[in-house]
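Some notes on the structure that comes next.
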Amino acid sequence: QEYKEAIDLYSDAIKRNPGAHAVYSNRAAAYMKMGAYDDAEKDCKHCLKLEPTFAKAVIRLAQIYFFRKEYHKAMVEYQKGLEMCPESQECKDGLNRTMMKIQTESGAGGEDDGMRQQRAMADPEIQAILSDTYMQQVLREISENPKNFAHYSKSPDVMAKIN
């Protein structure tokens, strides 16, 4: 109940001052406590549009990805956080926890391939890549001959889509 009230108060503050980046990050924290990770992610991303160097939003975004088991995305965000704040213990711990989780899940069964594929197919970024006819061709050529990856990895367009 208290988190719902906090969300309402932060929403009112945003209406009064939509440029206050920290309020979006704080509302994201309240959403996270309620398990509303999609709303929290939107707020973190909006905060970072307003203030790209706001490390707390980067850390929260990493935590969201971790809780949703999107570990590679979490690692990217924790690394961004460490670039902003090299001494951040929260980023260091989060990155270590994420790497350990990746290792244990990839080595000890973890989630099955079907679940991993299902979650990947629900990712809007992956959907965009798979709906692009050029990227379909690239992926087909790489799957037929993995050596083709060396050629495509030199293309800024291809790398921008998969990074």
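Going through the structure tokens in order, the chains are called A, B, and so on, while each chain numbers its residues from 1 and the ligands are numbered from 1 in the order shown.
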With the cut-off set at 12 Å and counting only C-alpha atoms, tabulate each residue of region 97-158 of chain A with an atom at most that distance from an atom of region 45-65 of chain A, showing the nearest atom pair and its distance in Å to one decimal, ordered by chain and increasing number, as CSV.
```
residue,atom,partner,partner_atom,distance
A:Arg97,CA,A:Gln63,CA,10.6
A:Thr98,CA,A:Ala62,CA,9.5
A:Asp123,CA,A:Tyr65,CA,12.0
```
Would you mind exporting all heavy atoms of the selected residues as a PDB file, in the first residue's frame?
```
ATOM      1  N   ARG A  97      27.253 -10.731  -9.087  1.00  0.00           N
ATOM      2  CA  ARG A  97      26.068 -11.577  -8.879  1.00  0.00           C
ATOM      3  C   ARG A  97      25.497 -12.026 -10.229  1.00  0.00           C
ATOM      4  O   ARG A  97      25.120 -13.188 -10.398  1.00  0.00           O
ATOM      5  CB  ARG A  97      25.028 -10.792  -8.072  1.00  0.00           C
ATOM      6  CG  ARG A  97      23.826 -11.570  -7.655  1.00  0.00           C
ATOM      7  CD  ARG A  97      22.888 -10.787  -6.728  1.00  0.00           C
ATOM      8  NE  ARG A  97      22.556  -9.468  -7.222  1.00  0.00           N
ATOM      9  CZ  ARG A  97      22.972  -8.332  -6.680  1.00  0.00           C
ATOM     10  NH1 ARG A  97      23.759  -8.344  -5.619  1.00  0.00           N
ATOM     11  NH2 ARG A  97      22.619  -7.165  -7.182  1.00  0.00           N
ATOM     12  N   THR A  98      25.479 -11.099 -11.201  1.00  0.00           N
ATOM     13  CA  THR A  98      24.936 -11.418 -12.522  1.00  0.00           C
ATOM     14  C   THR A  98      25.820 -12.435 -13.237  1.00  0.00           C
ATOM     15  O   THR A  98      25.322 -13.408 -13.823  1.00  0.00           O
ATOM     16  CB  THR A  98      24.800 -10.135 -13.364  1.00  0.00           C
ATOM     17  OG1 THR A  98      23.972  -9.211 -12.647  1.00  0.00           O
ATOM     18  CG2 THR A  98      24.179 -10.421 -14.711  1.00  0.00           C
ATOM     19  N   ASP A 123      11.077 -10.526 -26.637  1.00  0.00           N
ATOM     20  CA  ASP A 123      11.863  -9.299 -26.539  1.00  0.00           C
ATOM     21  C   ASP A 123      11.660  -8.446 -27.795  1.00  0.00           C
ATOM     22  O   ASP A 123      11.911  -8.907 -28.906  1.00  0.00           O
ATOM     23  CB  ASP A 123      13.348  -9.662 -26.387  1.00  0.00           C
ATOM     24  CG  ASP A 123      14.224  -8.466 -26.099  1.00  0.00           C
ATOM     25  OD1 ASP A 123      14.005  -7.405 -26.719  1.00  0.00           O
ATOM     26  OD2 ASP A 123      15.132  -8.589 -25.273  1.00  0.00           O
TER      27      ASP A 123
END
```
> Do you know which residues are at most 8 Å from Tyr71 (chain A) counting only C-alpha atoms, after dropping those on the same chain fewer than 4 positions away, and could you put them as a PyMOL selection string?
Replying inline: chain A and resi 65-66+75+98-99+101-102
Can you write just those residues out, N, CA, C and O atoms, as a short mmCIF file (atom, residue, chain, number, x, y, z; two decimals), in the first residue's frame?
```cif
data_model
loop_
_atom_site.label_atom_id
_atom_site.label_comp_id
_atom_site.auth_asym_id
_atom_site.auth_seq_id
_atom_site.Cartn_x
_atom_site.Cartn_y
_atom_site.Cartn_z
N TYR A 65 16.59 -5.79 -15.08
CA TYR A 65 16.97 -6.85 -16.01
C TYR A 65 17.36 -8.11 -15.25
O TYR A 65 17.04 -9.23 -15.66
N PHE A 66 18.06 -7.95 -14.14
CA PHE A 66 18.45 -9.11 -13.34
C PHE A 66 17.21 -9.85 -12.84
O PHE A 66 17.11 -11.07 -12.97
N MET A 75 24.18 -7.12 -17.21
CA MET A 75 25.64 -6.92 -17.24
C MET A 75 26.01 -5.63 -17.96
O MET A 75 26.86 -4.87 -17.49
N THR A 98 25.48 -11.10 -11.20
CA THR A 98 24.94 -11.42 -12.52
C THR A 98 25.82 -12.44 -13.24
O THR A 98 25.32 -13.41 -13.82
N MET A 99 27.13 -12.24 -13.18
CA MET A 99 28.05 -13.19 -13.84
C MET A 99 27.94 -14.57 -13.20
O MET A 99 27.95 -15.59 -13.91
N LYS A 101 25.30 -15.82 -11.77
CA LYS A 101 24.00 -16.36 -12.17
C LYS A 101 24.08 -16.92 -13.59
O LYS A 101 23.55 -18.00 -13.87
N ILE A 102 24.75 -16.21 -14.48
CA ILE A 102 24.92 -16.69 -15.85
C ILE A 102 25.69 -18.00 -15.86
O ILE A 102 25.31 -18.96 -16.54
#
```
>> Taking the DSSP secondary structure from the backbone, can you list the residues of chain A that are helix (DSSP H, G or I), as JSON, numbers by chain?
In response: {"A": [2, 3, 4, 5, 6, 7, 8, 9, 10, 11, 12, 13, 14, 15, 16, 21, 22, 23, 24, 25, 26, 27, 28, 29, 30, 31, 32, 33, 37, 38, 39, 40, 41, 42, 43, 44, 45, 46, 47, 48, 49, 50, 55, 56, 57, 58, 59, 60, 61, 62, 63, 64, 65, 66, 67, 71, 72, 73, 74, 75, 76, 77, 78, 79, 80, 81, 82, 83, 84, 89, 90, 91, 92, 93, 94, 95, 96, 97, 98, 99, 100, 101, 102, 103, 104, 105, 106, 107, 113, 114, 115, 116, 117, 118, 119, 120, 121, 122, 124, 125, 126, 127, 128, 129, 130, 131, 133, 134, 135, 136, 137, 138, 139, 140, 141, 142, 143, 144, 148, 149, 150, 151, 152, 156, 157, 158, 159, 160, 161, 162]}
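Across the structure, CA of Glu125 (chain A) and CA of Gly94 (chain A) are spaced 23.5 Å apart.
Picture a line from CA of Ser25 (chain A) to CA of Ala40 (chain A); it runs 8.1 Å.
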> Near region 127-139 of chain A, counting only C-alpha atoms, which residues have an atom at most 8 Å away, once you skip same-chain residues fewer than 3 positions from it, shown as a list of chain:residue names?
Replying inline: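 Once the adjacent positions are removed, what remains is A:Met121, A:Ala122, A:Asp123, A:Pro124, A:Ile142, A:Ser143, A:Tyr152, A:Val158, A:Lys161, A:Ile162.
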> For the atom pair CA of Tyr37 (chain A) and CA of Ala160 (chain A), what is the interatomic distance in Å to one decimal place?
Replying inline: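 About the pair CA of Tyr37 (chain A) and CA of Ala160 (chain A): they are 25.7 Å apart.
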